[in-house]
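Pasted below: coords-v3.txt, compact mmCIF, C-alpha atoms.
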# COMPACT_ATOMS: atom_id res chain seq x y z
CA MET A 1 30.81 71.08 1.63
CA ASN A 2 30.98 74.82 2.28
CA ARG A 3 33.12 75.11 5.41
CA PHE A 4 32.24 78.80 5.68
CA ASP A 5 28.54 77.96 6.12
CA LEU A 6 27.22 78.90 9.56
CA THR A 7 23.83 77.22 9.30
CA GLY A 8 22.73 75.93 12.68
CA LYS A 9 25.41 77.78 14.65
CA HIS A 10 24.43 80.09 17.50
CA ILE A 11 26.69 83.14 17.65
CA ALA A 12 26.62 85.79 20.37
CA VAL A 13 27.93 89.28 19.59
CA THR A 14 28.67 91.87 22.28
CA GLY A 15 28.54 95.58 21.53
CA ALA A 16 26.15 94.88 18.67
CA SER A 17 24.20 98.14 18.70
CA SER A 18 26.50 99.98 16.28
CA GLY A 19 29.74 99.83 14.31
CA PHE A 20 31.43 96.48 13.77
CA GLY A 21 29.03 94.55 15.98
CA ARG A 22 25.94 95.77 14.16
CA HIS A 23 27.50 94.92 10.80
CA PHE A 24 28.81 91.54 11.97
CA ALA A 25 25.33 90.53 13.12
CA GLY A 26 23.95 90.93 9.61
CA VAL A 27 26.88 89.11 7.97
CA LEU A 28 26.61 86.16 10.34
CA ALA A 29 22.83 85.90 10.01
CA GLY A 30 23.21 86.05 6.24
CA ALA A 31 25.56 83.06 6.43
CA GLY A 32 22.92 81.05 8.27
CA ALA A 33 23.75 81.67 11.94
CA ARG A 34 21.27 82.39 14.70
CA VAL A 35 22.59 85.55 16.32
CA SER A 36 22.19 86.85 19.85
CA LEU A 37 22.99 90.55 20.16
CA GLY A 38 23.92 92.33 23.36
CA ALA A 39 24.62 95.99 24.16
CA ARG A 40 23.71 98.73 26.59
CA ARG A 41 21.71 100.67 23.98
CA THR A 42 18.70 98.37 23.97
CA GLU A 43 16.56 100.36 21.53
CA ARG A 44 19.26 100.05 18.87
CA ILE A 45 19.53 96.33 19.56
CA LYS A 46 15.79 95.90 19.14
CA GLY A 47 15.95 97.77 15.84
CA ARG A 48 18.79 95.61 14.52
CA VAL A 49 16.98 92.42 15.51
CA LYS A 50 13.92 93.54 13.57
CA GLU A 51 16.05 94.34 10.51
CA ILE A 52 17.63 90.88 10.53
CA GLN A 53 14.29 89.17 11.05
CA ALA A 54 12.81 91.16 8.16
CA GLN A 55 15.48 89.56 5.96
CA ASP A 56 14.46 86.07 7.17
CA GLY A 57 17.34 85.84 9.64
CA GLU A 58 17.11 84.52 13.18
CA ALA A 59 18.06 87.10 15.80
CA PHE A 60 17.59 87.81 19.48
CA GLY A 61 18.59 90.86 21.48
CA ALA A 62 19.08 91.59 25.18
CA PRO A 63 20.65 94.26 27.41
CA LEU A 64 24.35 93.74 28.12
CA ASP A 65 26.99 95.64 30.07
CA VAL A 66 30.15 93.59 29.61
CA SER A 67 31.87 95.30 32.55
CA ARG A 68 29.38 93.69 34.97
CA ALA A 69 29.56 89.94 35.59
CA ALA A 70 25.87 89.69 36.50
CA SER A 71 24.85 91.36 33.24
CA VAL A 72 27.08 88.99 31.26
CA ASP A 73 25.56 85.96 33.00
CA ASP A 74 22.02 87.22 32.37
CA PHE A 75 22.75 87.81 28.68
CA ILE A 76 24.23 84.37 28.12
CA ALA A 77 21.36 82.71 29.98
CA ALA A 78 18.78 84.58 27.90
CA ALA A 79 20.60 83.79 24.65
CA GLU A 80 20.78 80.08 25.49
CA ALA A 81 17.11 80.02 26.49
CA THR A 82 16.28 81.40 23.04
CA PHE A 83 18.63 79.55 20.66
CA GLY A 84 20.36 76.90 22.78
CA PRO A 85 24.09 76.60 23.59
CA ILE A 86 26.34 79.27 22.09
CA ASP A 87 28.80 77.98 19.50
CA VAL A 88 30.74 81.21 18.94
CA LEU A 89 31.27 84.23 21.18
CA ILE A 90 32.40 87.47 19.52
CA ASN A 91 33.83 89.94 22.03
CA ASN A 92 33.26 93.15 20.12
CA ALA A 93 32.17 95.69 22.76
CA GLY A 94 34.64 98.56 22.90
CA VAL A 95 34.96 102.24 23.80
CA GLU A 96 37.65 104.92 23.67
CA ALA A 97 38.48 108.04 25.65
CA GLY A 98 38.82 110.50 22.78
CA ALA A 99 42.03 112.05 21.46
CA LYS A 100 43.84 112.16 24.79
CA THR A 101 47.37 111.42 25.93
CA TYR A 102 48.21 109.65 29.19
CA THR A 103 48.57 113.02 30.93
CA MET A 104 45.14 114.16 29.74
CA ILE A 105 42.93 111.24 30.78
CA ASP A 106 41.57 110.91 34.28
CA GLU A 107 40.87 107.84 36.36
CA ALA A 108 37.30 107.60 35.08
CA ASP A 109 38.54 107.51 31.45
CA TRP A 110 41.01 104.74 32.28
CA ASP A 111 38.46 102.63 34.16
CA ARG A 112 35.75 103.00 31.51
CA VAL A 113 38.01 101.95 28.63
CA LEU A 114 39.84 99.12 30.39
CA ASP A 115 36.67 97.78 32.03
CA THR A 116 34.91 97.54 28.67
CA ASN A 117 37.74 96.64 26.28
CA LEU A 118 39.66 94.24 28.50
CA LYS A 119 37.83 93.26 31.67
CA GLY A 120 34.64 92.78 29.64
CA VAL A 121 36.35 90.31 27.31
CA TRP A 122 37.62 88.31 30.27
CA LEU A 123 34.21 88.27 31.99
CA ALA A 124 32.34 87.22 28.85
CA SER A 125 34.93 84.60 27.89
CA LYS A 126 34.99 83.14 31.39
CA ALA A 127 31.19 82.90 31.55
CA TYR A 128 31.06 81.39 28.05
CA THR A 129 33.71 78.79 28.86
CA GLU A 130 31.82 77.79 32.00
CA ARG A 131 28.65 77.28 29.93
CA VAL A 132 30.49 75.24 27.29
CA ARG A 133 31.71 72.92 30.01
CA ALA A 134 28.38 72.76 31.85
CA ASN A 135 26.51 72.02 28.60
CA GLY A 136 28.89 69.21 27.70
CA GLN A 137 29.72 70.87 24.39
CA THR A 138 32.56 69.28 22.44
CA GLY A 139 34.18 72.66 21.87
CA GLY A 140 33.71 76.36 21.35
CA ASN A 141 35.02 79.41 19.58
CA ILE A 142 35.91 82.86 20.91
CA ILE A 143 36.72 85.77 18.59
CA ASN A 144 38.09 88.95 20.13
CA ILE A 145 37.92 92.18 18.16
CA SER A 146 41.31 93.81 18.62
CA SER A 147 42.92 96.53 16.48
CA ILE A 148 46.19 97.33 14.75
CA THR A 149 46.64 99.90 17.51
CA ASP A 150 47.82 96.90 19.53
CA ARG A 151 51.15 97.38 17.73
CA ARG A 152 50.92 100.53 15.59
CA THR A 153 49.61 103.64 17.27
CA ILE A 154 49.77 107.42 17.22
CA LYS A 155 49.67 110.07 19.94
CA GLY A 156 46.33 110.53 21.59
CA GLN A 157 45.17 106.90 21.59
CA PHE A 158 45.78 106.27 25.28
CA PRO A 159 44.27 104.19 26.92
CA TYR A 160 42.49 102.64 23.89
CA ALA A 161 45.75 101.38 22.36
CA VAL A 162 46.86 100.06 25.74
CA SER A 163 43.67 98.02 26.04
CA LYS A 164 44.04 96.59 22.53
CA GLY A 165 47.68 95.67 23.10
CA ALA A 166 46.63 93.79 26.21
CA LEU A 167 43.70 92.22 24.35
CA SER A 168 45.96 90.66 21.73
CA ARG A 169 48.15 89.14 24.46
CA LEU A 170 45.00 88.02 26.32
CA THR A 171 43.94 86.22 23.15
CA GLU A 172 47.20 84.29 23.00
CA VAL A 173 47.16 83.31 26.69
CA MET A 174 43.49 82.30 26.55
CA ALA A 175 44.17 80.17 23.48
CA LEU A 176 46.73 78.18 25.47
CA GLU A 177 44.45 77.76 28.46
CA ALA A 178 41.19 77.09 26.60
CA ALA A 179 42.56 74.39 24.31
CA LYS A 180 41.93 71.67 26.90
CA TYR A 181 38.22 72.51 26.70
CA GLY A 182 38.23 72.34 22.91
CA ILE A 183 37.74 76.10 22.69
CA ARG A 184 39.59 78.07 20.03
CA VAL A 185 40.48 81.72 20.72
CA ASN A 186 41.50 84.09 17.94
CA ALA A 187 41.38 87.83 17.32
CA LEU A 188 40.43 89.99 14.38
CA ALA A 189 42.53 93.17 14.24
CA PRO A 190 41.08 95.75 11.83
CA GLY A 191 43.01 98.72 10.58
CA TYR A 192 41.47 102.17 10.30
CA ILE A 193 37.80 101.84 9.37
CA LEU A 194 35.20 104.57 9.92
CA THR A 195 33.30 103.81 13.15
CA ASP A 196 32.16 105.85 16.13
CA VAL A 197 35.55 105.10 17.72
CA SER A 198 37.69 106.23 14.75
CA ARG A 199 35.49 109.05 13.45
CA LEU A 200 37.43 111.82 15.22
CA LEU A 201 40.60 110.99 13.27
CA LEU A 202 39.18 109.81 9.95
CA GLU A 203 36.96 112.86 9.50
CA SER A 204 39.62 115.35 10.62
CA ASP A 205 41.80 117.64 8.53
CA GLN A 206 44.61 115.09 8.90
CA SER A 207 42.61 112.28 7.32
CA GLU A 208 43.91 112.56 3.74
CA GLU A 209 47.55 112.77 4.82
CA PHE A 210 47.14 109.90 7.29
CA ALA A 211 45.72 107.63 4.55
CA LYS A 212 48.96 108.04 2.57
CA GLY A 213 50.68 105.94 5.22
CA ILE A 214 48.51 102.96 4.23
CA PRO A 215 50.03 101.00 1.30
CA MET A 216 46.59 100.49 -0.28
CA ARG A 217 46.02 104.27 0.06
CA ARG A 218 42.53 103.98 1.53
CA TYR A 219 40.71 103.34 4.75
CA GLY A 220 38.88 100.07 5.17
CA GLU A 221 35.18 99.44 4.70
CA PHE A 222 33.05 97.22 6.92
CA GLU A 223 32.75 94.75 4.04
CA ASP A 224 36.53 94.26 4.03
CA LEU A 225 36.10 92.36 7.30
CA ASP A 226 33.38 89.98 6.08
CA GLY A 227 35.68 87.26 4.72
CA PRO A 228 38.06 87.23 7.71
CA LEU A 229 35.08 87.20 10.09
CA LEU A 230 33.48 84.22 8.36
CA LEU A 231 36.82 82.43 8.36
CA LEU A 232 37.24 82.76 12.11
CA ALA A 233 33.58 82.04 12.94
CA SER A 234 33.31 78.93 10.78
CA ASP A 235 34.84 75.46 10.62
CA ALA A 236 37.19 76.75 7.90
CA SER A 237 39.49 77.89 10.73
CA ALA A 238 39.28 74.64 12.71
CA TYR A 239 43.08 74.48 13.15
CA MET A 240 43.51 78.13 14.09
CA THR A 241 43.88 79.30 17.67
CA GLY A 242 45.95 82.05 19.22
CA SER A 243 46.04 83.91 15.89
CA ILE A 244 45.74 87.68 15.48
CA LEU A 245 44.27 88.19 12.01
CA ILE A 246 45.21 91.66 10.72
CA VAL A 247 43.03 93.37 8.10
CA ASP A 248 44.54 96.80 7.48
CA GLY A 249 45.52 97.38 3.85
CA GLY A 250 49.16 96.79 4.75
CA HIS A 251 49.31 99.54 7.39
CA VAL A 252 51.30 97.51 9.92
CA CYS A 253 53.79 96.43 7.23
CA ALA A 254 54.44 100.08 6.38
CA SER A 255 55.64 100.75 9.92
CA LEU A 256 58.16 97.90 10.03
Write out the structure in this file as C-alpha cells.
Amino acid sequence: MNRFDLTGKHIAVTGASSGFGRHFAGVLAGAGARVSLGARRTERIKGRVKEIQAQDGEAFGAPLDVSRAASVDDFIAAAEATFGPIDVLINNAGVEAGAKTYTMIDEADWDRVLDTNLKGVWLASKAYTERVRANGQTGGNIINISSITDRRTIKGQFPYAVSKGALSRLTEVMALEAAKYGIRVNALAPGYILTDVSRLLLESDQSEEFAKGIPMRRYGEFEDLDGPLLLLASDASAYMTGSILIVDGGHVCASL
C-alpha cells in the first residue's frame, strides 16, 4: 500500500492563487486528491482550476479572504458542497510588508500581515475543526505553512517574521488542543525559495552573498517541498502532530 497516495482525499488550500499554494494544488491533485482552492484573486484561482482539470485532476475554486470569518465559512461550505467533507486543510495564505523594520511599518502594515498570516490561520482552523465535529468525521489534518524566519531572520522582515514565529507556536498549541478531536496539526517551514514574498531579497544585489550562508549553497525550488508536503498530507505521517518540518538546505543549522 502506498501511504503517500491521496486518492479520495479532499484537501483545501488557502492562498492558492500564486506561489506555494498554486504549486501545492497541482502536486496534491497529481497524487489523487480532490482540491478546493481559495484566494482573493479569483481570476487566478479560476485559471489554476482549469489547468488542473485539463490534466484530469479534480479541482474547485472559490473566493476567500482568510481574515474574515464569514468568507472562511462560505469557502468551507462551498468546498464541502462540491467534494464533501474536507480531510486536510492547508493554511497557506500569507503576505508581507516589504523590507521594513519595526520603526518603518505603520499600523496598517501590522494589521494586514498579522490578520492574514496568523488570525487567518486561526479562523480557518477553527471553522474546519467545527465542520469535522459536525460531520462526525473520525479525524482531520491541518498543515500550516510557516517559514524558517520563525527562528532565523534578518533585518527588514518585521512583522512577517513575527507572524511566522507565532504561527509555529500556534501549531504546537493547536496540536495539543485538537488531538481530542482526532485532528493532527503540523507545519511546513520552507527556507528561502523564490516567491512573490521573497522576491525582493532573492533578486537583489545581495542574493549571491546571502546564498553562501546556506550549507547547500543554493535557494530552494518549489519541487523541494513536494515530498515533505505529501508526507504531511498523507497517512504516512499518521503519528505526527505538533511537528515543524523544516526544508531549508541546512540554513537553520548554519545559524546554530
**Request:** To one decimal in Å, tell me the separation between atom CA of A:Asp224 and atom CA of A:Ser146.
**Result:**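 Separation between atom CA of A:Asp224 and atom CA of A:Ser146: 15.4 Å.
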**Message:** List as a ChimeraX atom specification the protein and nucleic acid residues near A:Lys119, meaning an atom at most 10 Å away when all atoms listed in the file are counted, but skip any in the same chain fewer than 6 places from it.
**Reply:** /A:66-69,111-113,125,163,167
**Message:** Report, in Å to a single decimal, how far apart atom CA of A:Thr149 and atom CA of A:Thr42 are.
**Reply:**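 Answer for the atom CA of A:Thr42 to atom CA of A:Thr149 separation: 28.7 Å.
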**Prompt:** Hey, can you check how far atom CA of A:Ser237 sits from atom CA of A:Asn186?
**Reply:**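 A separation of 9.7 Å between them.
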Each stretch 178-251 of chain A residue no farther than 8 Å from stretch 19-40 of chain A, nearest pair in Å, all atoms listed in the file, as a Markdown table:
| residue | atom | partner | partner_atom | distance |
| --- | --- | --- | --- | --- |
| A:Thr195 | CA | A:Gly19 | CA | 5.5 |
| A:Asp196 | CA | A:Gly19 | CA | 6.7 |
| A:Phe222 | CA | A:Phe20 | CA | 7.1 |
| A:Asp226 | CA | A:Val27 | CA | 6.8 |
| A:Leu229 | CA | A:Phe24 | CA | 7.9 |
| A:Leu230 | CA | A:Leu28 | CA | 7.4 |
**Of the listed residues A:Ala127, A:Val185, A:Val162, A:Val121, that which approaches A:Gly139 most closely, counting all atoms listed in the file** = A:Val185
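Distances to A:Gly242 were evaluated for A:Ile142, A:Ala254, A:Ala161, A:Leu194 using only C-alpha atoms, and the minimum falls at A:Ile142.
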**Request:** With a distance cut-off of 12 Å and all atoms listed in the file, select the neighbouring residues of A:Tyr102, excluding the residue or stretch itself and same-chain residues fewer than 5 positions from it, and output the selection as a PyMOL selection string.
**Result:** chain A and resi 97+107+109-110+155-162
**Message:** For a quick check of your reading of the model, name the residues lying within 10 Å of the coordinate (45.7, 83.9, 14.4), counting all atoms listed in the file, and write them as a ChimeraX atom specification.
**Reply:** /A:168,171-172,175,185-189,232,237,239-246
**Message:** Residues near A:Leu225, anyone? I mean within 8 Å using all atoms listed in the file, not counting same-chain ones fewer than 4 positions away, as a list in words.
**Reply:**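 With the cut-off at 8 Å, the set is Pro190, Glu221, Leu229 and Val247 of chain A.
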**Prompt:** What's the 7 Å shell around A:Gly220, counting all atoms listed in the file, without same-chain residues fewer than 5 positions away, as an MDAnalysis selection string?
**Reply:** chainID A and resid 191:193 248
Could you give me, as a tab-separated table (two decimals) with C-alpha atoms, in the frame of the given file, the residues within 9 Å of A:Thr138, counting only C-alpha atoms and dropping anything in the same chain fewer than 4 positions from it?
chain	number	residue	atom	x	y	z
A	132	VAL	CA	30.49	75.24	27.29
A	133	ARG	CA	31.71	72.92	30.01
A	181	TYR	CA	38.22	72.51	26.70
A	182	GLY	CA	38.23	72.34	22.91
A	183	ILE	CA	37.74	76.10	22.69
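Between A:Val252 and the candidates A:Ala238, A:Ala178, A:Val173, A:Ile148, the tightest atom-to-atom separation, counting only C-alpha atoms, involves A:Ile148.
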Since the input lacks atoms, please generate N, CA and C atoms for stretch 181-212 of chain A and provide them as a compact mmCIF listing (two decimals), in the coordinates of the input.
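Result written to rebuild23.txt:
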# COMPACT_ATOMS: atom_id res chain seq x y z
N TYR A 181 39.67 72.59 26.75
CA TYR A 181 38.22 72.51 26.70
C TYR A 181 37.70 72.42 25.27
N GLY A 182 38.63 72.38 24.31
CA GLY A 182 38.23 72.34 22.91
C GLY A 182 37.79 73.68 22.39
N ILE A 183 38.15 74.74 23.09
CA ILE A 183 37.74 76.10 22.69
C ILE A 183 38.88 76.79 21.97
N ARG A 184 38.61 77.30 20.79
CA ARG A 184 39.59 78.07 20.03
C ARG A 184 39.42 79.55 20.37
N VAL A 185 40.52 80.28 20.41
CA VAL A 185 40.48 81.72 20.72
C VAL A 185 41.37 82.45 19.72
N ASN A 186 40.76 83.30 18.92
CA ASN A 186 41.50 84.09 17.94
C ASN A 186 41.04 85.54 18.02
N ALA A 187 41.76 86.42 17.35
CA ALA A 187 41.38 87.83 17.32
C ALA A 187 41.39 88.36 15.90
N LEU A 188 40.48 89.26 15.64
CA LEU A 188 40.43 89.99 14.38
C LEU A 188 40.89 91.41 14.68
N ALA A 189 41.94 91.85 13.98
CA ALA A 189 42.53 93.17 14.24
C ALA A 189 42.36 94.07 13.03
N PRO A 190 41.28 94.85 12.97
CA PRO A 190 41.08 95.75 11.83
C PRO A 190 42.03 96.93 11.87
N GLY A 191 42.30 97.46 10.68
CA GLY A 191 43.01 98.72 10.58
C GLY A 191 42.03 99.86 10.75
N TYR A 192 42.32 101.00 10.13
CA TYR A 192 41.47 102.17 10.30
C TYR A 192 40.24 102.09 9.39
N ILE A 193 39.09 101.93 10.03
CA ILE A 193 37.80 101.84 9.37
C ILE A 193 36.87 102.82 10.08
N LEU A 194 36.04 103.53 9.33
CA LEU A 194 35.20 104.57 9.92
C LEU A 194 34.13 103.97 10.84
N THR A 195 34.28 104.20 12.14
CA THR A 195 33.30 103.81 13.15
C THR A 195 33.16 104.98 14.12
N ASP A 196 32.30 104.81 15.12
CA ASP A 196 32.16 105.85 16.13
C ASP A 196 33.48 106.07 16.87
N VAL A 197 34.28 105.00 17.01
CA VAL A 197 35.55 105.10 17.72
C VAL A 197 36.59 105.87 16.91
N SER A 198 36.64 105.64 15.58
CA SER A 198 37.69 106.23 14.75
C SER A 198 37.27 107.53 14.06
N ARG A 199 36.03 107.91 14.20
CA ARG A 199 35.49 109.05 13.45
C ARG A 199 36.29 110.34 13.67
N LEU A 200 36.72 110.58 14.90
CA LEU A 200 37.43 111.82 15.22
C LEU A 200 38.67 112.01 14.34
N LEU A 201 39.41 110.91 14.10
CA LEU A 201 40.60 110.99 13.27
C LEU A 201 40.26 110.96 11.78
N LEU A 202 39.41 110.03 11.38
CA LEU A 202 39.18 109.81 9.95
C LEU A 202 38.35 110.91 9.29
N GLU A 203 37.70 111.74 10.08
CA GLU A 203 36.96 112.86 9.50
C GLU A 203 37.64 114.19 9.82
N SER A 204 38.89 114.14 10.27
CA SER A 204 39.62 115.35 10.62
C SER A 204 40.37 115.90 9.41
N ASP A 205 41.01 117.03 9.58
CA ASP A 205 41.80 117.64 8.53
C ASP A 205 43.04 116.80 8.19
N GLN A 206 43.43 115.92 9.11
CA GLN A 206 44.61 115.09 8.90
C GLN A 206 44.31 113.80 8.13
N SER A 207 43.04 113.56 7.86
CA SER A 207 42.61 112.28 7.32
C SER A 207 43.31 111.91 6.01
N GLU A 208 43.34 112.85 5.05
CA GLU A 208 43.91 112.56 3.74
C GLU A 208 45.40 112.24 3.84
N GLU A 209 46.11 112.99 4.65
CA GLU A 209 47.55 112.77 4.82
C GLU A 209 47.81 111.44 5.54
N PHE A 210 46.98 111.15 6.52
CA PHE A 210 47.14 109.90 7.29
C PHE A 210 46.95 108.68 6.39
N ALA A 211 46.00 108.76 5.45
CA ALA A 211 45.72 107.63 4.55
C ALA A 211 46.91 107.32 3.65
N LYS A 212 47.79 108.28 3.42
CA LYS A 212 48.96 108.04 2.57
C LYS A 212 49.93 107.07 3.23
